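Have a look at the structure below, then the notes.
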There are 2 protein chains.
Amino acid sequence: MNKLDKNIVSRASKSRLRTWLKILKTSNLIEKQIKEKLRDEHNTTLPRFDVMSALYRSSSGLKMNEISGVLKVSNGNITGIIDRLVKEGHVLRVAIEGDRRSNLVKLTNKGIRQFEEYAGAHEAWINVMLKNISEQNSHILIDLLDSISEINRS
Amino acid sequence: MNKLDKNIVSRASKSRLRTWLKILKTSNLIEKQIKEKLRDEHNTTLPRFDVMSALYRSSSGLKMNEISGVLKVSNGNITGIIDRLVKEGHVLRVAIEGDRRSNLVKLTNKGIRQFEEYAGAHEAWINVMLKNISEQNSHILIDLLDSISEINRS
C-alpha cells in the first residue's frame, strides 16, 4: 500500500471510530433521560419497563428464561422485578400443563393498562428528544444503522 | 388539528420511536462485541478500558472523583479498577501538594503503552464492524446524531 492509500484507509478508520463514539454518546444521553423520566414521572425503572414491554408483545405469556433472554439481564434481577409486579397485580404467574418446574408470566388487564400508559409517555418523550429528525431523516438514519447491525448480528 | 394533520404527527412520532430503538439496538450490539473482544483477546474489561482512556487523555492525571465523573459509574467500582491497575504497574497514585485528602491518578509509561495497544485494537475492531459505512455516510450519521444530542445535553 502506498502512502496516499494508507492515509485514506486511516482517515476512513478514524471517521468510523468517531461515528461509533457518537452513536454510543447519543444512545447513553437518550437512555439517561428516559431513566430519569420513568423515575420522576412514573416512579418506575427501565428494567421494569423493558420486562413489561416484553410481556406486552407476547399475548400468550413468557417463561422466566425467555424474559431474561429478551432483556439480557441476570435471572436474579428478573425474579425481583416479577415478584414486585405480581404483588402490585400487574402480572400473573400461570402454571404450564405438563411442566411442573416453570410458570408462564403474563400481564393482567391492570398491567396492560399500566404499560400502555408508560408506552404512550415513552413515545411522547422520544418524539420531543428527536424532534430535529424529520421523517425523511429517520429513514436515512435507520438505513445507515441497519447497514451496521446487519453485519454484526450475534 | 384535523385528521390528516394528526396522522402526519403520529407517523413522524412512530418514525422517531423506530429510530431511537434502532440507535439503541446498534449501540448495544457494538458494545457487546467490544466487551467480548476486550475479554477474549486482551483479558480486560470495558470499564477498565474506559478508565485508562480517560487517564490517557489527561496528561496531568485525574482525581478519583474526576474519573468517576467522566465514566458515570460509582466511585466504588473505580477504586477497585485503580487498585488493580496500580498493582500491575499501569497506574501511579501521586500526592497533590496542599491537599492531603486526595491523590492524582496517572498512567505510567507501561500503562500508556498498554492503553495504546488496546486503543489500536479497538479502532481496528470498529473499522471492521462499521465497514459498510463510507466516509461520506460517517459524516451524514454524525450530523444527524449531533442534531439529536445538541438538544439533549444534560
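Here's how to read the names in the C-alpha cells: chain A, B, ... by the order shown, residue numbers from 1 in each chain, ligand numbers from 1 in the order shown.
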
Near region 87-94 of chain A, counting only C-alpha atoms, which residues have an atom at most 6 Å away, once you skip same-chain residues fewer than 2 positions from it, shown as an mmCIF file with N, CA and C atoms, in the first residue's frame?
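Okay, this is what ended up in part.cif:
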```cif
data_model
loop_
_atom_site.group_PDB
_atom_site.id
_atom_site.type_symbol
_atom_site.label_atom_id
_atom_site.label_comp_id
_atom_site.auth_asym_id
_atom_site.auth_seq_id
_atom_site.Cartn_x
_atom_site.Cartn_y
_atom_site.Cartn_z
ATOM 1 N N ARG A 84 -42.321 -8.138 42.319
ATOM 2 C CA ARG A 84 -42.960 -6.855 42.641
ATOM 3 C C ARG A 84 -44.185 -6.611 41.755
ATOM 4 N N LEU A 85 -44.063 -6.971 40.469
ATOM 5 C CA LEU A 85 -45.195 -6.773 39.550
ATOM 6 C C LEU A 85 -46.386 -7.657 39.959
ATOM 7 N N ASN A 103 -43.285 -21.642 35.338
ATOM 8 C CA ASN A 103 -44.553 -20.959 35.123
ATOM 9 C C ASN A 103 -44.475 -20.074 33.895
ATOM 10 N N LEU A 104 -45.661 -19.739 33.372
ATOM 11 C CA LEU A 104 -45.729 -18.662 32.389
ATOM 12 C C LEU A 104 -46.033 -17.366 33.138
ATOM 13 N N VAL A 105 -45.423 -16.280 32.694
ATOM 14 C CA VAL A 105 -45.677 -14.975 33.288
ATOM 15 C C VAL A 105 -46.479 -14.153 32.280
ATOM 16 N N LYS A 106 -47.602 -13.569 32.736
ATOM 17 C CA LYS A 106 -48.470 -12.788 31.845
ATOM 18 C C LYS A 106 -48.863 -11.464 32.481
ATOM 19 N N LEU A 107 -49.072 -10.442 31.670
ATOM 20 C CA LEU A 107 -49.640 -9.194 32.193
ATOM 21 C C LEU A 107 -51.119 -9.411 32.513
ATOM 22 N N THR A 108 -51.587 -8.829 33.619
ATOM 23 C CA THR A 108 -53.032 -8.765 33.893
ATOM 24 C C THR A 108 -53.615 -7.604 33.083
ATOM 25 N N LYS A 110 -54.871 -5.004 34.344
ATOM 26 C CA LYS A 110 -54.318 -3.827 35.027
ATOM 27 C C LYS A 110 -52.895 -3.543 34.526
ATOM 28 N N GLY A 111 -52.112 -4.615 34.374
ATOM 29 C CA GLY A 111 -50.738 -4.477 33.877
ATOM 30 C C GLY A 111 -50.702 -3.961 32.440
#
```

Practice prompt. Output as an NGL selection string the set of chain A residues within 9 Å of chain B, with distances taken over only C-alpha atoms.
Written response: :A and (11-20 or 22-31 or 33 or 122-124 or 126-135 or 137-142 or 144-149 or 151-154)

Discussion item. So that I can see what lies close to region 48-57 of chain B, please list as a VMD selection string the residues with an atom at most 10 Å from it, counting only C-alpha atoms and leaving out residues fewer than 3 positions away in the same chain.
Written reply: chain B and resid 35 38 44 to 45 60 to 63 66 to 68 70 to 71 77 to 78 80 to 82 84 to 85 90 to 91 105 to 108 111 to 112 114 to 116 118 to 119 122

Kindly save the residues from that selection, with C-alpha atoms included, as a CSV table (one decimal), in the first residue's frame.
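Listed below is the output, selection-v6.csv:
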```csv
chain,number,residue,atom,x,y,z
B,35,LYS,CA,-16.8,-6.2,25.6
B,38,LEU,CA,-11.6,-7.0,25.2
B,44,THR,CA,-9.6,-6.9,30.2
B,45,THR,CA,-13.0,-5.1,30.7
B,60,SER,CA,-1.6,15.8,34.2
B,61,GLY,CA,-3.6,13.0,35.8
B,62,LEU,CA,-7.0,12.9,37.3
B,63,LYS,CA,-8.5,12.9,40.8
B,66,GLU,CA,-12.9,13.3,38.1
B,67,ILE,CA,-12.5,9.8,36.8
B,68,SER,CA,-15.9,8.7,38.1
B,70,VAL,CA,-16.1,11.1,33.2
B,71,LEU,CA,-17.4,7.5,33.5
B,77,ASN,CA,-16.1,0.4,41.1
B,78,ILE,CA,-13.4,2.9,40.1
B,80,GLY,CA,-11.3,-1.5,42.6
B,81,ILE,CA,-10.2,-0.8,39.0
B,82,ILE,CA,-7.5,1.7,40.0
B,84,ARG,CA,-5.7,-3.4,40.2
B,85,LEU,CA,-4.1,-1.0,37.7
B,90,HIS,CA,-0.1,0.6,34.8
B,91,VAL,CA,-1.1,3.4,37.1
B,105,VAL,CA,-4.0,9.2,39.4
B,106,LYS,CA,-1.7,8.9,36.3
B,107,LEU,CA,-0.8,6.3,33.8
B,108,THR,CA,2.8,5.0,34.0
B,111,GLY,CA,0.2,1.9,31.3
B,112,ILE,CA,0.5,4.3,28.3
B,114,GLN,CA,-0.7,-0.9,27.3
B,115,PHE,CA,-3.6,1.5,26.6
B,116,GLU,CA,-2.2,2.3,23.1
B,118,TYR,CA,-5.9,-1.6,23.5
B,119,ALA,CA,-6.8,1.5,21.6
B,122,HIS,CA,-10.4,-1.1,19.5
```

Item to complete: Please return as a VMD selection string: the residues of chain B that backbone DSSP assigns to alpha helix (DSSP H).
Response: chain B and resid 3 to 42 46 to 57 64 to 71 75 to 87 109 to 129 135 to 149

Just the selected residues (C-alpha atoms), exported as a short mmCIF file (atom, residue, chain, number, x, y, z; two decimals), in the first residue's frame, please.
```cif
data_model
loop_
_atom_site.label_atom_id
_atom_site.label_comp_id
_atom_site.auth_asym_id
_atom_site.auth_seq_id
_atom_site.Cartn_x
_atom_site.Cartn_y
_atom_site.Cartn_z
CA LYS B 3 -57.48 14.11 10.93
CA LEU B 4 -54.83 14.38 8.19
CA ASP B 5 -52.57 16.53 10.40
CA LYS B 6 -52.99 14.08 13.27
CA ASN B 7 -51.99 11.19 11.01
CA ILE B 8 -48.84 13.03 9.91
CA VAL B 9 -47.89 13.85 13.53
CA SER B 10 -48.47 10.25 14.58
CA ARG B 11 -46.44 8.90 11.64
CA ALA B 12 -43.49 11.16 12.47
CA SER B 13 -43.70 10.13 16.12
CA LYS B 14 -43.63 6.42 15.20
CA SER B 15 -40.65 7.03 12.90
CA ARG B 16 -38.78 8.75 15.71
CA LEU B 17 -39.56 5.87 18.07
CA ARG B 18 -38.28 3.34 15.50
CA THR B 19 -35.17 5.50 15.01
CA TRP B 20 -34.46 5.56 18.74
CA LEU B 21 -34.93 1.79 19.05
CA LYS B 22 -32.51 1.29 16.14
CA ILE B 23 -29.90 3.60 17.72
CA LEU B 24 -30.21 1.68 21.00
CA LYS B 25 -30.03 -1.72 19.31
CA THR B 26 -26.97 -0.81 17.23
CA SER B 27 -25.22 0.69 20.23
CA ASN B 28 -25.89 -2.42 22.37
CA LEU B 29 -24.79 -4.73 19.56
CA ILE B 30 -21.43 -2.99 19.04
CA GLU B 31 -20.80 -2.54 22.77
CA LYS B 32 -21.46 -6.24 23.39
CA GLN B 33 -18.89 -7.21 20.77
CA ILE B 34 -16.32 -4.77 22.14
CA LYS B 35 -16.79 -6.25 25.63
CA GLU B 36 -16.32 -9.78 24.28
CA LYS B 37 -13.21 -8.86 22.30
CA LEU B 38 -11.64 -6.98 25.22
CA ARG B 39 -12.24 -10.06 27.40
CA ASP B 40 -11.25 -12.75 24.86
CA GLU B 41 -8.35 -11.04 23.11
CA HIS B 42 -6.97 -8.78 25.84
CA LEU B 46 -14.78 -2.13 29.22
CA PRO B 47 -14.82 -0.10 32.49
CA ARG B 48 -11.05 -0.68 32.77
CA PHE B 49 -10.56 0.37 29.13
CA ASP B 50 -12.69 3.49 29.77
CA VAL B 51 -10.71 4.41 32.91
CA MET B 52 -7.39 4.04 31.07
CA SER B 53 -8.82 6.05 28.16
CA ALA B 54 -9.80 8.93 30.48
CA LEU B 55 -6.33 8.89 32.08
CA TYR B 56 -4.63 8.73 28.65
CA ARG B 57 -6.46 11.88 27.51
CA MET B 64 -10.73 9.86 41.68
CA ASN B 65 -13.95 11.92 41.52
CA GLU B 66 -12.91 13.30 38.12
CA ILE B 67 -12.51 9.75 36.78
CA SER B 68 -15.93 8.70 38.08
CA GLY B 69 -17.40 11.94 36.71
CA VAL B 70 -16.11 11.07 33.24
CA LEU B 71 -17.35 7.49 33.46
CA ASN B 75 -16.72 5.58 42.98
CA GLY B 76 -16.59 2.09 44.48
CA ASN B 77 -16.06 0.40 41.14
CA ILE B 78 -13.44 2.93 40.11
CA THR B 79 -11.48 2.28 43.32
CA GLY B 80 -11.27 -1.46 42.58
CA ILE B 81 -10.19 -0.82 38.98
CA ILE B 82 -7.49 1.67 40.03
CA ASP B 83 -6.22 -0.65 42.80
CA ARG B 84 -5.69 -3.40 40.23
CA LEU B 85 -4.06 -1.04 37.71
CA VAL B 86 -1.66 0.18 40.44
CA LYS B 87 -0.77 -3.40 41.40
CA ASN B 109 4.81 4.57 30.77
CA LYS B 110 3.87 0.89 30.94
CA GLY B 111 0.19 1.92 31.27
CA ILE B 112 0.50 4.29 28.30
CA ARG B 113 1.96 1.52 26.12
CA GLN B 114 -0.74 -0.91 27.30
CA PHE B 115 -3.57 1.52 26.56
CA GLU B 116 -2.16 2.32 23.12
CA GLU B 117 -2.23 -1.40 22.34
CA TYR B 118 -5.89 -1.64 23.48
CA ALA B 119 -6.84 1.54 21.59
CA GLY B 120 -5.24 0.32 18.35
CA ALA B 121 -7.12 -2.96 18.59
CA HIS B 122 -10.36 -1.12 19.46
CA GLU B 123 -10.07 1.15 16.41
CA ALA B 124 -9.39 -1.86 14.17
CA TRP B 125 -12.49 -3.71 15.51
CA ILE B 126 -14.70 -0.66 14.91
CA ASN B 127 -13.23 -0.29 11.42
CA VAL B 128 -14.44 -3.83 10.63
CA MET B 129 -17.80 -3.57 12.44
CA GLU B 135 -16.57 8.33 4.96
CA GLN B 136 -19.43 10.29 3.42
CA ASN B 137 -22.01 8.24 5.33
CA SER B 138 -19.98 8.72 8.54
CA HIS B 139 -20.46 12.45 8.14
CA ILE B 140 -24.20 12.06 7.46
CA LEU B 141 -24.62 9.83 10.54
CA ILE B 142 -22.59 12.12 12.79
CA ASP B 143 -24.51 15.21 11.65
CA LEU B 144 -27.91 13.58 12.24
CA LEU B 145 -26.88 12.21 15.66
CA ASP B 146 -25.44 15.64 16.54
CA SER B 147 -28.81 17.22 15.79
CA ILE B 148 -30.27 14.86 18.41
CA SER B 149 -27.60 15.27 21.06
#
```

Discussion item. For the strand (DSSP E) assignment from backbone DSSP, which residues of chain A qualify? Please present them as a PyMOL selection string.
Written reply: chain A and resi 62-63+91-96+99-107

Response to the item:
One decimal place gives the CA of Gly98 (chain B)-CA of Ser59 (chain B) separation as 20.3 Å
